[in-house]
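*Asks:* Data file model_39.cif (mmCIF, C-alpha atoms) is appended below.
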```
data_final
#
loop_
_atom_site.group_PDB
_atom_site.id
_atom_site.type_symbol
_atom_site.label_atom_id
_atom_site.label_comp_id
_atom_site.auth_asym_id
_atom_site.auth_seq_id
_atom_site.Cartn_x
_atom_site.Cartn_y
_atom_site.Cartn_z
ATOM 1 C CA MET A 1 118.043 82.138 182.403
ATOM 2 C CA PRO A 2 119.674 84.930 184.375
ATOM 3 C CA VAL A 3 118.393 85.153 187.884
ATOM 4 C CA LEU A 4 116.695 88.459 188.505
ATOM 5 C CA GLU A 5 116.936 88.981 192.220
ATOM 6 C CA GLN A 6 113.712 90.170 193.754
ATOM 7 C CA PRO A 7 113.486 91.855 197.130
ATOM 8 C CA SER A 8 112.316 89.354 199.704
ATOM 9 C CA ASP A 9 109.301 91.526 200.561
ATOM 10 C CA VAL A 10 108.020 91.222 196.968
ATOM 11 C CA LEU A 11 108.417 87.448 197.149
ATOM 12 C CA ARG A 12 106.609 87.301 200.503
ATOM 13 C CA GLN A 13 103.800 89.474 199.135
ATOM 14 C CA PHE A 14 103.573 87.210 196.091
ATOM 15 C CA CYS A 15 103.251 84.162 198.385
ATOM 16 C CA SER A 16 100.365 85.811 200.184
ATOM 17 C CA GLY A 17 98.551 86.417 196.884
ATOM 18 C CA ASP A 18 99.328 90.089 196.245
ATOM 19 C CA LEU A 19 98.547 90.836 192.577
ATOM 20 C CA ASP A 20 100.926 93.799 192.392
ATOM 21 C CA ALA A 21 103.796 91.560 193.520
ATOM 22 C CA PHE A 22 102.780 88.954 190.938
ATOM 23 C CA GLU A 23 102.724 91.646 188.247
ATOM 24 C CA ALA A 24 106.203 92.814 189.265
ATOM 25 C CA LEU A 25 107.510 89.243 189.040
ATOM 26 C CA PHE A 26 105.737 88.751 185.707
ATOM 27 C CA LEU A 27 107.262 91.907 184.245
ATOM 28 C CA GLY A 28 110.689 91.000 185.586
ATOM 29 C CA HIS A 29 110.728 87.401 184.363
ATOM 30 C CA GLN A 30 108.440 87.235 181.321
ATOM 31 C CA ARG A 31 111.220 87.653 178.770
ATOM 32 C CA GLU A 32 113.476 85.026 180.340
ATOM 33 C CA VAL A 33 110.631 82.521 180.687
ATOM 34 C CA TYR A 34 109.651 83.040 177.047
ATOM 35 C CA GLY A 35 113.282 82.570 175.952
ATOM 36 C CA TRP A 36 113.552 79.356 177.963
ATOM 37 C CA ILE A 37 110.349 77.937 176.503
ATOM 38 C CA VAL A 38 111.170 78.852 172.905
ATOM 39 C CA ARG A 39 114.485 77.015 173.298
ATOM 40 C CA ILE A 40 112.575 73.878 174.225
ATOM 41 C CA VAL A 41 109.601 73.918 171.844
ATOM 42 C CA ARG A 42 111.317 75.713 168.917
ATOM 43 C CA ASP A 43 108.090 77.509 168.013
ATOM 44 C CA PRO A 44 107.720 81.212 168.905
ATOM 45 C CA THR A 45 103.924 81.176 168.658
ATOM 46 C CA ALA A 46 103.578 78.169 170.944
ATOM 47 C CA ALA A 47 106.165 79.706 173.285
ATOM 48 C CA GLU A 48 104.020 82.842 173.652
ATOM 49 C CA ASP A 49 101.013 80.740 174.647
ATOM 50 C CA LEU A 50 103.127 78.600 176.954
ATOM 51 C CA THR A 51 104.577 81.692 178.633
ATOM 52 C CA VAL A 52 101.056 82.796 179.506
ATOM 53 C CA GLU A 53 100.275 79.243 180.692
ATOM 54 C CA THR A 54 103.438 79.232 182.803
ATOM 55 C CA PHE A 55 102.535 82.451 184.570
ATOM 56 C CA TRP A 56 98.988 81.224 185.070
ATOM 57 C CA ARG A 57 100.455 78.134 186.782
ATOM 58 C CA ILE A 58 102.789 80.333 188.809
ATOM 59 C CA HIS A 59 99.905 82.493 189.938
ATOM 60 C CA ARG A 60 97.816 79.473 190.954
ATOM 61 C CA ALA A 61 100.750 77.982 192.895
ATOM 62 C CA HIS A 62 101.777 81.202 194.665
ATOM 63 C CA ALA A 63 101.167 79.783 198.138
ATOM 64 C CA ARG A 64 103.575 76.892 197.501
ATOM 65 C CA PHE A 65 106.515 79.138 196.611
ATOM 66 C CA ASP A 66 109.243 79.465 199.242
ATOM 67 C CA PRO A 67 110.295 83.139 199.298
ATOM 68 C CA THR A 68 113.798 82.173 200.432
ATOM 69 C CA CYS A 69 114.362 80.335 197.142
ATOM 70 C CA SER A 70 115.112 81.642 193.658
ATOM 71 C CA PHE A 71 111.964 82.722 191.846
ATOM 72 C CA GLY A 72 113.782 82.413 188.498
ATOM 73 C CA ALA A 73 114.670 78.757 189.081
ATOM 74 C CA TRP A 74 111.108 78.006 190.203
ATOM 75 C CA ALA A 75 109.663 79.769 187.141
ATOM 76 C CA ARG A 76 112.089 77.866 184.866
ATOM 77 C CA ARG A 77 110.925 74.568 186.365
ATOM 78 C CA ILE A 78 107.257 75.426 185.802
ATOM 79 C CA ALA A 79 108.050 76.635 182.266
ATOM 80 C CA THR A 80 109.842 73.369 181.525
ATOM 81 C CA ASN A 81 106.840 71.373 182.707
ATOM 82 C CA ALA A 82 104.500 73.473 180.541
ATOM 83 C CA ALA A 83 106.772 72.989 177.515
ATOM 84 C CA LEU A 84 107.030 69.252 178.181
ATOM 85 C CA ASP A 85 103.243 68.985 178.429
ATOM 86 C CA HIS A 86 102.995 70.802 175.099
ATOM 87 C CA LEU A 87 105.480 68.451 173.442
ATOM 88 C CA LYS A 88 103.587 65.428 174.751
ATOM 89 C CA THR A 89 100.290 66.621 173.295
ATOM 90 C CA ALA A 90 101.537 68.301 170.107
ATOM 91 C CA ARG A 91 100.348 66.674 166.908
ATOM 92 C CA PRO A 92 103.206 64.725 165.345
ATOM 93 C CA GLN A 93 104.605 66.004 162.084
ATOM 94 C CA ALA A 94 104.163 63.916 158.961
ATOM 95 C CA ASP A 95 106.844 61.270 158.544
ATOM 96 C CA LEU A 96 109.320 61.505 155.723
ATOM 97 C CA PRO A 97 108.971 58.808 153.089
ATOM 98 C CA ASP A 98 111.507 55.983 153.346
ATOM 99 C CA ASN A 99 112.509 56.222 149.682
ATOM 100 C CA LEU A 100 113.625 59.845 149.337
ATOM 101 C CA PRO A 101 115.601 60.333 146.114
ATOM 102 C CA SER A 102 119.226 61.288 146.603
ATOM 103 C CA ALA A 103 120.956 63.976 144.587
ATOM 104 C CA THR A 104 123.486 62.836 142.013
ATOM 105 C CA LEU A 105 125.428 66.090 141.745
ATOM 106 C CA PRO A 106 126.623 68.376 144.521
ATOM 107 C CA ASP A 107 123.746 70.658 145.310
ATOM 108 C CA PRO A 108 123.552 73.574 147.739
ATOM 109 C CA SER A 109 120.154 72.325 148.904
ATOM 110 C CA ILE A 110 121.747 69.164 150.310
ATOM 111 C CA SER A 111 122.625 70.981 153.514
ATOM 112 C CA GLU A 112 119.015 72.146 153.741
ATOM 113 C CA GLU A 113 117.837 68.556 153.184
ATOM 114 C CA LEU A 114 120.223 67.337 155.887
ATOM 115 C CA ARG A 115 118.950 70.015 158.277
ATOM 116 C CA ARG A 116 115.360 69.000 157.537
ATOM 117 C CA LYS A 117 116.132 65.332 158.237
ATOM 118 C CA ILE A 118 117.852 66.158 161.502
ATOM 119 C CA ALA A 119 114.887 68.315 162.570
ATOM 120 C CA TRP A 120 112.556 65.465 161.617
ATOM 121 C CA ALA A 121 114.591 63.028 163.732
ATOM 122 C CA PHE A 122 114.484 65.465 166.676
ATOM 123 C CA ARG A 123 110.692 65.690 166.436
ATOM 124 C CA ARG A 124 110.465 61.907 166.623
ATOM 125 C CA LEU A 125 112.233 61.832 170.001
ATOM 126 C CA PRO A 126 110.006 61.111 173.002
ATOM 127 C CA PRO A 127 109.234 64.456 174.730
ATOM 128 C CA GLN A 128 111.483 63.928 177.776
ATOM 129 C CA LEU A 129 114.419 63.028 175.538
ATOM 130 C CA GLN A 130 113.591 65.873 173.142
ATOM 131 C CA VAL A 131 113.755 68.454 175.932
ATOM 132 C CA ALA A 132 117.039 67.100 177.291
ATOM 133 C CA ALA A 133 118.571 66.836 173.802
ATOM 134 C CA THR A 134 117.446 70.315 172.767
ATOM 135 C CA LEU A 135 118.857 71.920 175.886
ATOM 136 C CA ALA A 136 122.093 69.892 175.784
ATOM 137 C CA PHE A 137 122.882 69.713 172.041
ATOM 138 C CA ILE A 138 121.354 72.867 170.611
ATOM 139 C CA GLU A 139 121.301 75.292 173.518
ATOM 140 C CA GLU A 140 124.475 73.821 175.088
ATOM 141 C CA ARG A 141 123.099 74.322 178.592
ATOM 142 C CA PRO A 142 125.012 72.762 181.501
ATOM 143 C CA TYR A 143 123.679 69.411 182.706
ATOM 144 C CA GLN A 144 123.065 70.816 186.185
ATOM 145 C CA GLU A 145 120.847 73.586 184.778
ATOM 146 C CA ILE A 146 118.915 71.039 182.721
ATOM 147 C CA ALA A 147 118.564 68.808 185.778
ATOM 148 C CA ASP A 148 117.212 71.682 187.869
ATOM 149 C CA ALA A 149 114.715 72.631 185.159
ATOM 150 C CA LEU A 150 113.510 69.053 184.706
ATOM 151 C CA GLY A 151 113.494 68.243 188.413
ATOM 152 C CA VAL A 152 115.796 65.246 187.987
ATOM 153 C CA SER A 153 119.368 64.394 188.897
ATOM 154 C CA THR A 154 122.344 65.255 186.725
ATOM 155 C CA GLY A 155 122.803 61.509 186.166
ATOM 156 C CA ALA A 156 119.252 61.254 184.821
ATOM 157 C CA VAL A 157 119.989 64.094 182.389
ATOM 158 C CA LYS A 158 123.122 62.280 181.209
ATOM 159 C CA VAL A 159 121.092 59.119 180.621
ATOM 160 C CA ARG A 160 118.430 61.044 178.681
ATOM 161 C CA VAL A 161 121.058 62.770 176.551
ATOM 162 C CA PHE A 162 122.754 59.431 175.868
ATOM 163 C CA ARG A 163 119.446 57.818 174.873
ATOM 164 C CA ALA A 164 118.552 60.793 172.684
ATOM 165 C CA ARG A 165 121.923 60.639 170.927
ATOM 166 C CA ARG A 166 121.487 56.900 170.321
ATOM 167 C CA PHE A 167 117.923 57.402 169.023
ATOM 168 C CA LEU A 168 119.007 60.234 166.702
ATOM 169 C CA ARG A 169 121.867 58.168 165.277
ATOM 170 C CA LYS A 170 119.490 55.290 164.597
ATOM 171 C CA GLU A 171 116.906 57.544 162.916
ATOM 172 C CA LEU A 172 119.500 59.342 160.809
ATOM 173 C CA LYS A 173 121.075 56.046 159.762
ATOM 174 C CA ARG A 174 117.608 54.858 158.724
ATOM 175 C CA GLN A 175 117.403 57.963 156.519
ATOM 176 C CA GLY A 176 120.749 57.113 154.926
ATOM 177 C CA ILE A 177 122.841 59.578 156.912
ATOM 178 C CA GLU A 178 125.870 58.258 158.763
ATOM 179 C CA PRO A 179 126.305 60.513 161.813
#
```
Represent the structure contained in this file as structure tokens.
*Replies:*
Amino acid sequence: MPVLEQPSDVLRQFCSGDLDAFEALFLGHQREVYGWIVRIVRDPTAAEDLTVETFWRIHRAHARFDPTCSFGAWARRIATNAALDHLKTARPQADLPDNLPSATLPDPSISEELRRKIAWAFRRLPPQLQVAATLAFIEERPYQEIADALGVSTGAVKVRVFRARRFLRKELKRQGIEP
């Protein structure tokens, strides 16, 4: 998420509870926060709701923000937590049957079937691994950026990505796909 620099007086006003300053920050960062969340949850409708939730959390926590720090990084961290909470409580998708028939002739829908199985395996990841894997594998975000957003060390991100990769390989192998 590109950092939109805000004048320090707007950040100080925001910390003191000024609604106009909050509105200015909302207008300046809403698009980036939404983009960050949609990358994580992969659902535009949920991302819209989570963007509102994120800014509600930001507004409630205004007094805890340090105006000498990056508002964009702080907003990204809160957005990540909101997205992670959503993933933890989202209803799981129906499992694929174990005995899916395989095509006998080359078929253009095979790539669609493969994509569907990979998406299914991603949804089966535990939420913390799903967030790390989505940001690392799909969005190709740097580990340091992921670490900052998750509030963990770069080493912890590497471990989560490793575990996610191992889990995905196991799930895909169970579905008859050799990664």
*Asks:* Using CA of Ala83 in chain A and CA of Leu172 in chain A as the two end points, give the distance in Å to one decimal.
*Replies:*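 Distance between the two atoms: 25.0 Å.
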*Asks:* Starting from the displayed file, determine the output of the PyMOL selection byres ((chain A and resi 112-129) around 7) and express the residue list as number ranges by chain.
*Replies:* A: 84, 87-88, 109-111, 130-133, 160-161, 164, 168, 171-172
*Asks:* Rounded to one decimal, what separation in Å do you get between CA of Ala149 in chain A and CA of Ala136 in chain A?
*Replies:* 12.2 Å
*Asks:* For a test of reading the model, state the distance in Å between CA of Glu48 in chain A and CA of Tyr34 in chain A, rounded to one decimal.
*Replies:* 6.6 Å
*Asks:* The PyMOL selection byres ((chain A and resi 86) around 12) on the file shown: which residues, as a PyMOL selection string?
*Replies:* chain A and resi 37-38+40-43+46-47+49-51+53-54+79-85+87-92+127-128+130-131
*Asks:* Under the PyMOL selection byres ((chain A and resi 139-144) around 10), which residues of this model are included? Write them out as an mmCIF file with C-alpha atoms, in the coordinates of the input.
*Replies:*
```
data_model
loop_
_atom_site.group_PDB
_atom_site.id
_atom_site.type_symbol
_atom_site.label_atom_id
_atom_site.label_comp_id
_atom_site.auth_asym_id
_atom_site.auth_seq_id
_atom_site.Cartn_x
_atom_site.Cartn_y
_atom_site.Cartn_z
ATOM 1 C CA TRP A 36 113.552 79.356 177.963
ATOM 2 C CA ARG A 39 114.485 77.015 173.298
ATOM 3 C CA ILE A 40 112.575 73.878 174.225
ATOM 4 C CA ALA A 132 117.039 67.100 177.291
ATOM 5 C CA ALA A 133 118.571 66.836 173.802
ATOM 6 C CA THR A 134 117.446 70.315 172.767
ATOM 7 C CA LEU A 135 118.857 71.920 175.886
ATOM 8 C CA ALA A 136 122.093 69.892 175.784
ATOM 9 C CA PHE A 137 122.882 69.713 172.041
ATOM 10 C CA ILE A 138 121.354 72.867 170.611
ATOM 11 C CA GLU A 145 120.847 73.586 184.778
ATOM 12 C CA ILE A 146 118.915 71.039 182.721
ATOM 13 C CA ALA A 147 118.564 68.808 185.778
ATOM 14 C CA ASP A 148 117.212 71.682 187.869
ATOM 15 C CA ALA A 149 114.715 72.631 185.159
ATOM 16 C CA LEU A 150 113.510 69.053 184.706
ATOM 17 C CA VAL A 152 115.796 65.246 187.987
ATOM 18 C CA SER A 153 119.368 64.394 188.897
ATOM 19 C CA THR A 154 122.344 65.255 186.725
ATOM 20 C CA GLY A 155 122.803 61.509 186.166
ATOM 21 C CA ALA A 156 119.252 61.254 184.821
ATOM 22 C CA VAL A 157 119.989 64.094 182.389
ATOM 23 C CA LYS A 158 123.122 62.280 181.209
ATOM 24 C CA VAL A 161 121.058 62.770 176.551
#
```
*Asks:* With a distance cut-off of 9 Å and all atoms listed in the file, select the neighbouring residues of Leu25 in chain A, excluding the residue or stretch itself and same-chain residues fewer than 2 positions from it, and output the selection as JSON, numbers by chain.
*Replies:* {"A": [6, 10, 11, 14, 20, 21, 22, 23, 27, 28, 29, 30, 71]}
*Asks:* Export C-alpha atoms of the chosen residues as a short mmCIF file (atom, residue, chain, number, x, y, z; two decimals), keeping the file's coordinate frame?
*Replies:*
```
data_model
loop_
_atom_site.label_atom_id
_atom_site.label_comp_id
_atom_site.auth_asym_id
_atom_site.auth_seq_id
_atom_site.Cartn_x
_atom_site.Cartn_y
_atom_site.Cartn_z
CA GLN A 6 113.71 90.17 193.75
CA VAL A 10 108.02 91.22 196.97
CA LEU A 11 108.42 87.45 197.15
CA PHE A 14 103.57 87.21 196.09
CA ASP A 20 100.93 93.80 192.39
CA ALA A 21 103.80 91.56 193.52
CA PHE A 22 102.78 88.95 190.94
CA GLU A 23 102.72 91.65 188.25
CA LEU A 27 107.26 91.91 184.24
CA GLY A 28 110.69 91.00 185.59
CA HIS A 29 110.73 87.40 184.36
CA GLN A 30 108.44 87.24 181.32
CA PHE A 71 111.96 82.72 191.85
#
```
*Asks:* Which one of A:Arg165, A:Ile177, A:Ala24, A:Phe55 sits closest to Pro7 in chain A if you count all atoms listed in the file?
*Replies:* A:Ala24
